[in-house]
Amino acid sequence: MNLQQTILGVPFSNPTVLASGIMGITASSWRYCAENGAGAITTKSLWPVEHQGNRNPTIIATEHWTLNAVGVPDAGPEKAKEEIGDFMKDQPIPLIANIIGLSPKEFASIAAVVATLKPDFIEVNLSTPTFLKLRGKLFAEDGNEAGTILKAVRKEIGPIPCFAKLTPNVPNIGEIAKACVDAGADGITAINTAGPGMAIDLRSRMPILAAHKGGLSGPALKPIAVRCIAEIFEATGGKVPIIGTGGIYTGEDALELMLAGASLVGIGTAVGTRGIDVFRKICEEIQLWCTNEGVWEISDMIGGMHKALLARGIKGTSMKHAP
Ligand SMILES: Cc1cc2nc3c(=O)[nH]c(=O)nc-3n(C[C@H](O)[C@H](O)[C@H](O)COP(=O)(O)O)c2cc1C
């Protein structure tokens, strides 16, 4: 069974991608993911200047969900240049550089730095809950604002393929994705964490996270990710690649996001819960399921739900079908 695909001219040995923010920013940790079967890695979000994160505790994890309020800490562009430069020397797998800023100018500034390092894709983080603290809203809540950022980034990165990373916290993620593509995004990454959520310690009666609220990830996020990816696939006519991310724990979870429309699948929280070799395990589970079902090309799974609906004469997953 063939797990390989070429997406926007970049060959991927399998569809698993380390999601942003999970393994820090060192070439050695990214190589460790590659050795453990990752098809590609995404850097944590890179700011144009050094950025302080939040106070501890920043993460609470359960079997079903995780809340994080790490606050997107970053040592700044010099460190990014050093580590990405090191990784690119022998580059075992494709690298996706995730960037963040608070204005079009800031995004353009870090995009210009990152472009010189020649990543395979640039992922534009328009959706981290940290934006709620720093500017009161997410760029990904508004198609025009998202488009302005993407145009500013495009001017700096030339032909490097660019993905817009979106939030599930909108009523119209399909429209936002379409606005991003119209503004020049080559692909969409969906989804970032949802919420934010809150957890309270019963004895102290205090919020567990020092920041009180945190973005929700892990298995509980998967059905929302599936719905968002399905809507994005429909709104963009299945014409742009989607890196489907959110709650993937097993190979079958990954396949479900692919049936909704994802070409690649981001693995975040599950790296902590299943261990670093989660990439290899998920690939083995995908292969086992596909082989048993007589699926020989992973690309045959992409958007499969939409084909199944059409075959039954149903056009799209509109809200008509909502409960
Ligand atoms: C601890 C932690 C840190 C994260 N940091 C970032 C980040 O820097 N940039 C970003 O775009 N997403 C970040 N994310 C979001 C993930 O990349 C991913 O979109 C989300 O967690 C959903 O996937 P999952 O359920 O597989 O974790 C972070 C998530 C976690 C749990």
# chains A, B, ... in the order shown; residues from 1 in each chain; ligands from 1

$ residues_near_ligand --ligand "ligand 1" --cutoff "8 Å" --atoms "only C-alpha atoms and all ligand atoms" --output "number ranges by chain"
A: 19-22, 43-46, 59, 66-73, 98-100, 123-128, 165, 190-193, 215-222, 245-249, 266-270

$ select_by_dssp --residues "range 152-300 of chain A" --states "strand (DSSP E or B)" --output "number ranges by chain"
A: 162-166, 187-190, 194-198, 200, 207, 213-217, 242-245, 264-267, 297

$ write_last_selection --atoms "N, CA and C atoms" --output "PDB file, in the first residue's frame"
ATOM      1  N   CYS A 162       2.269  28.486   0.429  1.00  0.00           N
ATOM      2  CA  CYS A 162       1.891  29.103   1.698  1.00  0.00           C
ATOM      3  C   CYS A 162       0.532  28.543   2.156  1.00  0.00           C
ATOM      4  N   PHE A 163       0.464  28.098   3.409  1.00  0.00           N
ATOM      5  CA  PHE A 163      -0.764  27.543   3.989  1.00  0.00           C
ATOM      6  C   PHE A 163      -1.293  28.501   5.053  1.00  0.00           C
ATOM      7  N   ALA A 164      -2.598  28.729   5.081  1.00  0.00           N
ATOM      8  CA  ALA A 164      -3.222  29.556   6.117  1.00  0.00           C
ATOM      9  C   ALA A 164      -3.757  28.621   7.197  1.00  0.00           C
ATOM     10  N   LYS A 165      -3.354  28.867   8.455  1.00  0.00           N
ATOM     11  CA  LYS A 165      -3.846  28.002   9.539  1.00  0.00           C
ATOM     12  C   LYS A 165      -5.051  28.656  10.213  1.00  0.00           C
ATOM     13  N   LEU A 166      -6.172  27.919  10.209  1.00  0.00           N
ATOM     14  CA  LEU A 166      -7.466  28.499  10.591  1.00  0.00           C
ATOM     15  C   LEU A 166      -7.970  28.008  11.941  1.00  0.00           C
ATOM     16  N   GLY A 187      -2.736  26.526   0.243  1.00  0.00           N
ATOM     17  CA  GLY A 187      -3.332  25.425   0.999  1.00  0.00           C
ATOM     18  C   GLY A 187      -3.851  25.940   2.328  1.00  0.00           C
ATOM     19  N   ILE A 188      -4.554  25.056   3.035  1.00  0.00           N
ATOM     20  CA  ILE A 188      -5.155  25.431   4.324  1.00  0.00           C
ATOM     21  C   ILE A 188      -4.732  24.389   5.363  1.00  0.00           C
ATOM     22  N   THR A 189      -4.378  24.865   6.539  1.00  0.00           N
ATOM     23  CA  THR A 189      -4.178  23.964   7.674  1.00  0.00           C
ATOM     24  C   THR A 189      -5.355  24.179   8.617  1.00  0.00           C
ATOM     25  N   ALA A 190      -6.030  23.107   8.978  1.00  0.00           N
ATOM     26  CA  ALA A 190      -7.194  23.235   9.858  1.00  0.00           C
ATOM     27  C   ALA A 190      -7.287  21.964  10.705  1.00  0.00           C
ATOM     28  N   ALA A 194      -9.321  24.801  19.821  1.00  0.00           N
ATOM     29  CA  ALA A 194     -10.658  25.399  19.941  1.00  0.00           C
ATOM     30  C   ALA A 194     -10.821  25.982  21.345  1.00  0.00           C
ATOM     31  N   GLY A 195     -11.949  26.597  21.554  1.00  0.00           N
ATOM     32  CA  GLY A 195     -12.275  27.144  22.871  1.00  0.00           C
ATOM     33  C   GLY A 195     -11.991  28.626  22.929  1.00  0.00           C
ATOM     34  N   PRO A 196     -11.256  29.143  23.903  1.00  0.00           N
ATOM     35  CA  PRO A 196     -10.542  28.386  24.925  1.00  0.00           C
ATOM     36  C   PRO A 196     -11.474  27.718  25.941  1.00  0.00           C
ATOM     37  N   GLY A 197     -10.880  26.741  26.642  1.00  0.00           N
ATOM     38  CA  GLY A 197     -11.596  26.053  27.704  1.00  0.00           C
ATOM     39  C   GLY A 197     -10.971  26.372  29.048  1.00  0.00           C
ATOM     40  N   MET A 198     -11.589  25.836  30.081  1.00  0.00           N
ATOM     41  CA  MET A 198     -11.126  26.107  31.448  1.00  0.00           C
ATOM     42  C   MET A 198     -11.259  24.842  32.286  1.00  0.00           C
ATOM     43  N   ILE A 200     -10.982  23.576  36.546  1.00  0.00           N
ATOM     44  CA  ILE A 200     -10.904  24.124  37.911  1.00  0.00           C
ATOM     45  C   ILE A 200     -10.481  23.025  38.882  1.00  0.00           C
ATOM     46  N   PRO A 207      -8.749  28.184  38.952  1.00  0.00           N
ATOM     47  CA  PRO A 207      -8.444  27.641  37.619  1.00  0.00           C
ATOM     48  C   PRO A 207      -7.088  26.952  37.675  1.00  0.00           C
ATOM     49  N   LYS A 213      -7.367  30.182  31.124  1.00  0.00           N
ATOM     50  CA  LYS A 213      -8.013  29.538  29.978  1.00  0.00           C
ATOM     51  C   LYS A 213      -6.950  28.990  29.030  1.00  0.00           C
ATOM     52  N   GLY A 214      -7.308  27.949  28.290  1.00  0.00           N
ATOM     53  CA  GLY A 214      -6.338  27.393  27.343  1.00  0.00           C
ATOM     54  C   GLY A 214      -7.024  26.789  26.134  1.00  0.00           C
ATOM     55  N   GLY A 215      -6.295  26.685  25.032  1.00  0.00           N
ATOM     56  CA  GLY A 215      -6.830  26.113  23.794  1.00  0.00           C
ATOM     57  C   GLY A 215      -7.028  24.606  23.939  1.00  0.00           C
ATOM     58  N   LEU A 216      -8.139  24.126  23.415  1.00  0.00           N
ATOM     59  CA  LEU A 216      -8.506  22.708  23.531  1.00  0.00           C
ATOM     60  C   LEU A 216      -7.948  21.909  22.357  1.00  0.00           C
ATOM     61  N   SER A 217      -7.255  20.816  22.682  1.00  0.00           N
ATOM     62  CA  SER A 217      -6.755  19.906  21.641  1.00  0.00           C
ATOM     63  C   SER A 217      -6.981  18.475  22.107  1.00  0.00           C
ATOM     64  N   ILE A 242      -5.216  20.354   1.981  1.00  0.00           N
ATOM     65  CA  ILE A 242      -5.545  20.688   3.372  1.00  0.00           C
ATOM     66  C   ILE A 242      -4.661  19.830   4.279  1.00  0.00           C
ATOM     67  N   ILE A 243      -4.003  20.477   5.241  1.00  0.00           N
ATOM     68  CA  ILE A 243      -3.315  19.722   6.300  1.00  0.00           C
ATOM     69  C   ILE A 243      -4.326  19.612   7.441  1.00  0.00           C
ATOM     70  N   GLY A 244      -4.954  18.456   7.541  1.00  0.00           N
ATOM     71  CA  GLY A 244      -6.017  18.238   8.533  1.00  0.00           C
ATOM     72  C   GLY A 244      -5.399  17.937   9.887  1.00  0.00           C
ATOM     73  N   THR A 245      -5.769  18.723  10.879  1.00  0.00           N
ATOM     74  CA  THR A 245      -5.160  18.613  12.208  1.00  0.00           C
ATOM     75  C   THR A 245      -6.249  18.762  13.251  1.00  0.00           C
ATOM     76  N   LEU A 264      -2.786  15.812   3.966  1.00  0.00           N
ATOM     77  CA  LEU A 264      -1.789  15.471   4.988  1.00  0.00           C
ATOM     78  C   LEU A 264      -2.484  15.588   6.335  1.00  0.00           C
ATOM     79  N   VAL A 265      -1.908  14.945   7.379  1.00  0.00           N
ATOM     80  CA  VAL A 265      -2.555  14.999   8.691  1.00  0.00           C
ATOM     81  C   VAL A 265      -1.561  15.449   9.760  1.00  0.00           C
ATOM     82  N   GLY A 266      -1.925  16.495  10.492  1.00  0.00           N
ATOM     83  CA  GLY A 266      -1.080  17.004  11.577  1.00  0.00           C
ATOM     84  C   GLY A 266      -1.315  16.209  12.849  1.00  0.00           C
ATOM     85  N   ILE A 267      -0.212  15.861  13.512  1.00  0.00           N
ATOM     86  CA  ILE A 267      -0.310  15.115  14.775  1.00  0.00           C
ATOM     87  C   ILE A 267       0.310  16.005  15.855  1.00  0.00           C
ATOM     88  N   GLU A 297      -3.697   3.046  -2.702  1.00  0.00           N
ATOM     89  CA  GLU A 297      -3.084   4.376  -2.790  1.00  0.00           C
ATOM     90  C   GLU A 297      -3.716   5.264  -1.734  1.00  0.00           C
TER      91      GLU A 297
END

$ residues_around --residues "Lys151 in chain A" --least-positions-apart "6" --cutoff "10 Å" --atoms "only C-alpha atoms" --output "PyMOL selection string"
chain A and resi 104+108+180+182-185

$ closest_atom_pairs --of "range 208-315 of chain A" --to "range 2-17 of chain A" --cutoff "10 Å" --atoms "only C-alpha atoms" --output "Markdown table"
| residue | atom | partner | partner_atom | distance |
| --- | --- | --- | --- | --- |
| A:Val240 | CA | A:Leu8 | CA | 9.2 |
| A:Pro241 | CA | A:Ile7 | CA | 7.4 |
| A:Ile243 | CA | A:Val17 | CA | 8.3 |
| A:Gly244 | CA | A:Val17 | CA | 9.5 |
| A:Thr245 | CA | A:Val17 | CA | 9.0 |
| A:Gly251 | CA | A:Thr16 | CA | 9.7 |
| A:Ala254 | CA | A:Thr16 | CA | 8.4 |
| A:Leu255 | CA | A:Pro15 | CA | 9.9 |
| A:Met258 | CA | A:Pro15 | CA | 9.5 |
| A:Ala262 | CA | A:Pro15 | CA | 9.3 |
| A:Ser263 | CA | A:Pro15 | CA | 7.0 |
| A:Leu264 | CA | A:Pro15 | CA | 4.5 |
| A:Val265 | CA | A:Thr16 | CA | 5.1 |
| A:Gly266 | CA | A:Val17 | CA | 4.7 |
| A:Ile267 | CA | A:Val17 | CA | 6.0 |
| A:Gly268 | CA | A:Val17 | CA | 8.7 |
| A:Val278 | CA | A:Thr16 | CA | 9.5 |
| A:Phe279 | CA | A:Thr16 | CA | 6.3 |
| A:Arg280 | CA | A:Thr16 | CA | 8.8 |
| A:Ile282 | CA | A:Thr16 | CA | 7.9 |
| A:Cys283 | CA | A:Asn14 | CA | 7.3 |
| A:Ile286 | CA | A:Leu3 | CA | 8.7 |
| A:Gln287 | CA | A:Leu3 | CA | 7.9 |
| A:Cys290 | CA | A:Asn2 | CA | 9.7 |
| A:Thr291 | CA | A:Asn2 | CA | 10.0 |
| A:Val295 | CA | A:Asn2 | CA | 9.1 |
| A:Trp296 | CA | A:Asn2 | CA | 6.0 |
| A:Glu297 | CA | A:Asn2 | CA | 5.0 |
| A:Ile298 | CA | A:Leu3 | CA | 5.2 |
| A:Ser299 | CA | A:Gln5 | CA | 7.0 |

$ write_last_selection --atoms "N, CA and C atoms" --output "PDB file, in the first residue's frame"
ATOM      1  N   VAL A 240      -7.478  22.823  -3.303  1.00  0.00           N
ATOM      2  CA  VAL A 240      -6.222  23.132  -2.601  1.00  0.00           C
ATOM      3  C   VAL A 240      -5.967  22.082  -1.526  1.00  0.00           C
ATOM      4  N   PRO A 241      -4.691  21.757  -1.279  1.00  0.00           N
ATOM      5  CA  PRO A 241      -4.408  20.759  -0.248  1.00  0.00           C
ATOM      6  C   PRO A 241      -4.746  21.285   1.147  1.00  0.00           C
ATOM      7  N   ILE A 243      -4.003  20.477   5.241  1.00  0.00           N
ATOM      8  CA  ILE A 243      -3.315  19.722   6.300  1.00  0.00           C
ATOM      9  C   ILE A 243      -4.326  19.612   7.441  1.00  0.00           C
ATOM     10  N   GLY A 244      -4.954  18.456   7.541  1.00  0.00           N
ATOM     11  CA  GLY A 244      -6.017  18.238   8.533  1.00  0.00           C
ATOM     12  C   GLY A 244      -5.399  17.937   9.887  1.00  0.00           C
ATOM     13  N   THR A 245      -5.769  18.723  10.879  1.00  0.00           N
ATOM     14  CA  THR A 245      -5.160  18.613  12.208  1.00  0.00           C
ATOM     15  C   THR A 245      -6.249  18.762  13.251  1.00  0.00           C
ATOM     16  N   GLY A 251      -4.496   5.652  13.419  1.00  0.00           N
ATOM     17  CA  GLY A 251      -4.531   5.644  11.960  1.00  0.00           C
ATOM     18  C   GLY A 251      -5.946   5.839  11.429  1.00  0.00           C
ATOM     19  N   ALA A 254      -6.812   9.422  11.440  1.00  0.00           N
ATOM     20  CA  ALA A 254      -6.148  10.105  10.318  1.00  0.00           C
ATOM     21  C   ALA A 254      -6.945   9.881   9.032  1.00  0.00           C
ATOM     22  N   LEU A 255      -7.388   8.639   8.816  1.00  0.00           N
ATOM     23  CA  LEU A 255      -8.156   8.332   7.598  1.00  0.00           C
ATOM     24  C   LEU A 255      -9.478   9.084   7.568  1.00  0.00           C
ATOM     25  N   MET A 258      -8.870  12.433   6.363  1.00  0.00           N
ATOM     26  CA  MET A 258      -8.573  12.396   4.922  1.00  0.00           C
ATOM     27  C   MET A 258      -9.866  12.244   4.117  1.00  0.00           C
ATOM     28  N   ALA A 262      -8.628  16.056   3.904  1.00  0.00           N
ATOM     29  CA  ALA A 262      -7.217  16.361   4.184  1.00  0.00           C
ATOM     30  C   ALA A 262      -6.293  15.534   3.296  1.00  0.00           C
ATOM     31  N   SER A 263      -5.228  16.166   2.791  1.00  0.00           N
ATOM     32  CA  SER A 263      -4.199  15.434   2.042  1.00  0.00           C
ATOM     33  C   SER A 263      -3.102  14.954   2.985  1.00  0.00           C
ATOM     34  N   LEU A 264      -2.786  15.812   3.966  1.00  0.00           N
ATOM     35  CA  LEU A 264      -1.789  15.471   4.988  1.00  0.00           C
ATOM     36  C   LEU A 264      -2.484  15.588   6.335  1.00  0.00           C
ATOM     37  N   VAL A 265      -1.908  14.945   7.379  1.00  0.00           N
ATOM     38  CA  VAL A 265      -2.555  14.999   8.691  1.00  0.00           C
ATOM     39  C   VAL A 265      -1.561  15.449   9.760  1.00  0.00           C
ATOM     40  N   GLY A 266      -1.925  16.495  10.492  1.00  0.00           N
ATOM     41  CA  GLY A 266      -1.080  17.004  11.577  1.00  0.00           C
ATOM     42  C   GLY A 266      -1.315  16.209  12.849  1.00  0.00           C
ATOM     43  N   ILE A 267      -0.212  15.861  13.512  1.00  0.00           N
ATOM     44  CA  ILE A 267      -0.310  15.115  14.775  1.00  0.00           C
ATOM     45  C   ILE A 267       0.310  16.005  15.855  1.00  0.00           C
ATOM     46  N   GLY A 268      -0.482  16.379  16.851  1.00  0.00           N
ATOM     47  CA  GLY A 268       0.018  17.256  17.906  1.00  0.00           C
ATOM     48  C   GLY A 268      -0.014  16.589  19.260  1.00  0.00           C
ATOM     49  N   VAL A 278       4.553   7.761  17.552  1.00  0.00           N
ATOM     50  CA  VAL A 278       3.151   7.836  17.111  1.00  0.00           C
ATOM     51  C   VAL A 278       3.061   7.939  15.586  1.00  0.00           C
ATOM     52  N   PHE A 279       4.060   8.564  14.955  1.00  0.00           N
ATOM     53  CA  PHE A 279       4.008   8.724  13.490  1.00  0.00           C
ATOM     54  C   PHE A 279       4.070   7.346  12.822  1.00  0.00           C
ATOM     55  N   ARG A 280       5.040   6.533  13.294  1.00  0.00           N
ATOM     56  CA  ARG A 280       5.183   5.190  12.718  1.00  0.00           C
ATOM     57  C   ARG A 280       3.942   4.347  13.004  1.00  0.00           C
ATOM     58  N   ILE A 282       0.869   5.315  13.567  1.00  0.00           N
ATOM     59  CA  ILE A 282      -0.285   5.761  12.765  1.00  0.00           C
ATOM     60  C   ILE A 282      -0.139   5.277  11.321  1.00  0.00           C
ATOM     61  N   CYS A 283       1.093   5.330  10.775  1.00  0.00           N
ATOM     62  CA  CYS A 283       1.299   4.829   9.397  1.00  0.00           C
ATOM     63  C   CYS A 283       0.992   3.332   9.313  1.00  0.00           C
ATOM     64  N   ILE A 286      -2.734   2.886   9.418  1.00  0.00           N
ATOM     65  CA  ILE A 286      -3.335   3.265   8.124  1.00  0.00           C
ATOM     66  C   ILE A 286      -3.130   2.123   7.130  1.00  0.00           C
ATOM     67  N   GLN A 287      -1.898   1.588   7.092  1.00  0.00           N
ATOM     68  CA  GLN A 287      -1.599   0.522   6.124  1.00  0.00           C
ATOM     69  C   GLN A 287      -2.426  -0.721   6.382  1.00  0.00           C
ATOM     70  N   CYS A 290      -6.107   0.014   5.338  1.00  0.00           N
ATOM     71  CA  CYS A 290      -6.250   0.135   3.876  1.00  0.00           C
ATOM     72  C   CYS A 290      -6.040  -1.216   3.190  1.00  0.00           C
ATOM     73  N   THR A 291      -5.052  -1.958   3.644  1.00  0.00           N
ATOM     74  CA  THR A 291      -4.771  -3.255   3.020  1.00  0.00           C
ATOM     75  C   THR A 291      -5.985  -4.182   3.199  1.00  0.00           C
ATOM     76  N   VAL A 295      -7.527  -0.862  -0.327  1.00  0.00           N
ATOM     77  CA  VAL A 295      -7.137   0.483  -0.791  1.00  0.00           C
ATOM     78  C   VAL A 295      -5.617   0.468  -0.957  1.00  0.00           C
ATOM     79  N   TRP A 296      -5.135   0.776  -2.169  1.00  0.00           N
ATOM     80  CA  TRP A 296      -3.685   0.632  -2.418  1.00  0.00           C
ATOM     81  C   TRP A 296      -2.956   1.959  -2.526  1.00  0.00           C
ATOM     82  N   GLU A 297      -3.697   3.046  -2.702  1.00  0.00           N
ATOM     83  CA  GLU A 297      -3.084   4.376  -2.790  1.00  0.00           C
ATOM     84  C   GLU A 297      -3.716   5.264  -1.734  1.00  0.00           C
ATOM     85  N   ILE A 298      -2.898   5.881  -0.872  1.00  0.00           N
ATOM     86  CA  ILE A 298      -3.463   6.730   0.179  1.00  0.00           C
ATOM     87  C   ILE A 298      -4.254   7.888  -0.436  1.00  0.00           C
ATOM     88  N   SER A 299      -3.798   8.347  -1.608  1.00  0.00           N
ATOM     89  CA  SER A 299      -4.482   9.488  -2.228  1.00  0.00           C
ATOM     90  C   SER A 299      -5.940   9.161  -2.571  1.00  0.00           C
TER      91      SER A 299
END

$ atom_distance --atom1 "CA of Ile93 in chain A" --atom2 "CA of Leu288 in chain A"
23.3 Å

$ residues_around --residues "Glu50 in chain A" --least-positions-apart "3" --cutoff "10 Å" --atoms "only C-alpha atoms" --output "list in words"
Leu46, Trp47, Gly53, Pro73, Asp74, Ala75, Gly76, Pro77, Glu78 and Lys79 of chain A

$ select_by_dssp --residues "range 65-265 of chain A" --states "alpha helix (DSSP H)" --output "compact mmCIF listing (two decimals) with C-alpha atoms, in the first residue's frame"
# COMPACT_ATOMS: atom_id res chain seq x y z
CA PRO A 77 14.60 34.87 14.39
CA GLU A 78 18.32 34.33 15.09
CA LYS A 79 17.56 31.04 16.86
CA ALA A 80 15.11 30.07 14.08
CA LYS A 81 17.80 30.69 11.45
CA GLU A 82 20.30 28.59 13.36
CA GLU A 83 18.00 25.59 13.91
CA ILE A 84 16.23 25.57 10.54
CA GLY A 85 19.63 26.13 8.85
CA ASP A 86 21.02 23.09 10.68
CA PHE A 87 17.99 20.91 9.77
CA MET A 88 18.15 21.93 6.11
CA LYS A 89 21.78 20.69 5.79
CA ASP A 90 20.67 17.08 5.36
CA PRO A 104 0.82 42.56 8.34
CA LYS A 105 4.21 44.27 8.87
CA GLU A 106 5.26 41.79 11.57
CA PHE A 107 4.14 38.80 9.48
CA ALA A 108 6.05 40.21 6.48
CA SER A 109 9.16 40.68 8.61
CA ILE A 110 9.33 37.06 9.83
CA ALA A 111 8.22 35.73 6.41
CA ALA A 112 11.22 37.47 4.81
CA VAL A 113 13.63 35.84 7.29
CA VAL A 114 12.09 32.38 6.96
CA ALA A 115 11.96 32.51 3.13
CA THR A 130 -2.86 33.91 22.13
CA PHE A 131 -4.17 36.52 19.66
CA LEU A 132 -7.26 36.86 21.90
CA LYS A 133 -5.02 38.03 24.74
CA LEU A 134 -2.77 40.22 22.58
CA ARG A 135 -5.24 41.85 20.18
CA GLY A 143 -11.63 36.78 5.70
CA ASN A 144 -10.49 40.33 4.82
CA GLU A 145 -7.99 40.53 7.69
CA ALA A 146 -6.69 37.05 6.92
CA GLY A 147 -6.34 38.04 3.23
CA THR A 148 -4.37 41.18 4.11
CA ILE A 149 -1.87 39.13 6.11
CA LEU A 150 -1.52 36.52 3.35
CA LYS A 151 -0.86 39.18 0.70
CA ALA A 152 1.81 40.78 2.91
CA VAL A 153 3.45 37.38 3.42
CA ARG A 154 3.31 36.50 -0.29
CA LYS A 155 5.29 39.61 -1.23
CA GLU A 156 8.21 38.30 0.86
CA ILE A 157 8.19 34.59 0.04
CA ILE A 173 -14.78 28.36 8.15
CA GLY A 174 -15.45 27.47 4.49
CA GLU A 175 -15.89 31.15 3.56
CA ILE A 176 -12.75 32.12 5.50
CA ALA A 177 -10.76 29.39 3.71
CA LYS A 178 -12.05 30.59 0.33
CA ALA A 179 -11.03 34.19 1.19
CA CYS A 180 -7.54 32.93 2.10
CA VAL A 181 -7.20 31.05 -1.19
CA ASP A 182 -8.45 34.09 -3.12
CA LYS A 222 -11.59 15.45 16.27
CA PRO A 223 -15.30 15.69 15.30
CA ILE A 224 -14.97 19.48 15.03
CA ALA A 225 -11.84 19.08 12.88
CA VAL A 226 -13.66 16.61 10.60
CA ARG A 227 -16.59 19.03 10.11
CA CYS A 228 -14.27 22.01 9.50
CA ILE A 229 -12.17 20.10 6.94
CA ALA A 230 -15.32 18.91 5.14
CA GLU A 231 -16.59 22.51 4.89
CA ILE A 232 -13.20 23.82 3.70
CA PHE A 233 -12.95 21.07 1.06
CA GLU A 234 -16.43 21.95 -0.22
CA ALA A 235 -15.87 25.73 -0.19
CA GLY A 251 -4.53 5.64 11.96
CA GLU A 252 -8.32 5.43 11.65
CA ASP A 253 -8.63 9.00 12.98
CA ALA A 254 -6.15 10.11 10.32
CA LEU A 255 -8.16 8.33 7.60
CA GLU A 256 -11.37 10.01 8.79
CA LEU A 257 -9.79 13.47 8.38
CA MET A 258 -8.57 12.40 4.92
CA LEU A 259 -12.08 11.29 3.89
CA ALA A 260 -13.27 14.78 4.93

$ closest_residue --among "A:Ile160, A:Val271, A:Ile122, A:Met301" --to "Trp289 in chain A" --atoms "only C-alpha atoms"
A:Met301

$ closest_residue --among "A:Gly238, A:Gly304, A:Gly272, A:Gly316" --to "Ala61 in chain A" --atoms "only C-alpha atoms"
A:Gly272

$ closest_residue --among "A:Gly136, A:Ser29, A:Asn36, A:Leu18" --to "Pro94 in chain A" --atoms "only C-alpha atoms"
A:Leu18

$ closest_residue --among "A:Cys33, A:Leu102, A:Ala210, A:Ile96" --to "Asn56 in chain A" --atoms "only C-alpha atoms"
A:Ala210

$ decode --residues "range 236-286 of chain A" --atoms "C-alpha atoms" --output "PDB file, in the first residue's frame"
ATOM      1  CA  THR A 236     -12.576  25.455  -2.076  1.00  0.00           C
ATOM      2  CA  GLY A 237     -13.896  22.839  -4.509  1.00  0.00           C
ATOM      3  CA  GLY A 238     -11.304  20.294  -3.359  1.00  0.00           C
ATOM      4  CA  LYS A 239      -8.718  22.250  -5.338  1.00  0.00           C
ATOM      5  CA  VAL A 240      -6.222  23.132  -2.601  1.00  0.00           C
ATOM      6  CA  PRO A 241      -4.408  20.759  -0.248  1.00  0.00           C
ATOM      7  CA  ILE A 242      -5.545  20.688   3.372  1.00  0.00           C
ATOM      8  CA  ILE A 243      -3.315  19.722   6.300  1.00  0.00           C
ATOM      9  CA  GLY A 244      -6.017  18.238   8.533  1.00  0.00           C
ATOM     10  CA  THR A 245      -5.160  18.613  12.208  1.00  0.00           C
ATOM     11  CA  GLY A 246      -7.149  18.101  15.376  1.00  0.00           C
ATOM     12  CA  GLY A 247      -7.574  15.148  17.695  1.00  0.00           C
ATOM     13  CA  ILE A 248      -5.816  12.498  15.625  1.00  0.00           C
ATOM     14  CA  TYR A 249      -4.784   9.625  17.864  1.00  0.00           C
ATOM     15  CA  THR A 250      -4.913   6.559  15.610  1.00  0.00           C
ATOM     16  CA  GLY A 251      -4.531   5.644  11.960  1.00  0.00           C
ATOM     17  CA  GLU A 252      -8.316   5.426  11.650  1.00  0.00           C
ATOM     18  CA  ASP A 253      -8.632   9.002  12.983  1.00  0.00           C
ATOM     19  CA  ALA A 254      -6.148  10.105  10.318  1.00  0.00           C
ATOM     20  CA  LEU A 255      -8.156   8.332   7.598  1.00  0.00           C
ATOM     21  CA  GLU A 256     -11.366  10.015   8.788  1.00  0.00           C
ATOM     22  CA  LEU A 257      -9.792  13.467   8.380  1.00  0.00           C
ATOM     23  CA  MET A 258      -8.573  12.396   4.922  1.00  0.00           C
ATOM     24  CA  LEU A 259     -12.083  11.287   3.893  1.00  0.00           C
ATOM     25  CA  ALA A 260     -13.271  14.782   4.929  1.00  0.00           C
ATOM     26  CA  GLY A 261     -10.676  16.258   2.553  1.00  0.00           C
ATOM     27  CA  ALA A 262      -7.217  16.361   4.184  1.00  0.00           C
ATOM     28  CA  SER A 263      -4.199  15.434   2.042  1.00  0.00           C
ATOM     29  CA  LEU A 264      -1.789  15.471   4.988  1.00  0.00           C
ATOM     30  CA  VAL A 265      -2.555  14.999   8.691  1.00  0.00           C
ATOM     31  CA  GLY A 266      -1.080  17.004  11.577  1.00  0.00           C
ATOM     32  CA  ILE A 267      -0.310  15.115  14.775  1.00  0.00           C
ATOM     33  CA  GLY A 268       0.018  17.256  17.906  1.00  0.00           C
ATOM     34  CA  THR A 269      -1.295  16.200  21.300  1.00  0.00           C
ATOM     35  CA  ALA A 270      -0.951  12.477  20.468  1.00  0.00           C
ATOM     36  CA  VAL A 271       2.856  12.847  20.411  1.00  0.00           C
ATOM     37  CA  GLY A 272       2.579  13.323  24.182  1.00  0.00           C
ATOM     38  CA  THR A 273       0.001  10.614  24.800  1.00  0.00           C
ATOM     39  CA  ARG A 274       1.166   7.823  22.436  1.00  0.00           C
ATOM     40  CA  GLY A 275       4.891   8.657  22.398  1.00  0.00           C
ATOM     41  CA  ILE A 276       7.286   9.947  19.767  1.00  0.00           C
ATOM     42  CA  ASP A 277       6.831   6.874  17.550  1.00  0.00           C
ATOM     43  CA  VAL A 278       3.151   7.836  17.111  1.00  0.00           C
ATOM     44  CA  PHE A 279       4.008   8.724  13.490  1.00  0.00           C
ATOM     45  CA  ARG A 280       5.183   5.190  12.718  1.00  0.00           C
ATOM     46  CA  LYS A 281       2.274   3.640  14.643  1.00  0.00           C
ATOM     47  CA  ILE A 282      -0.285   5.761  12.765  1.00  0.00           C
ATOM     48  CA  CYS A 283       1.299   4.829   9.397  1.00  0.00           C
ATOM     49  CA  GLU A 284       1.163   1.125  10.322  1.00  0.00           C
ATOM     50  CA  GLU A 285      -2.487   1.459  11.378  1.00  0.00           C
ATOM     51  CA  ILE A 286      -3.335   3.265   8.124  1.00  0.00           C
TER      52      ILE A 286
END
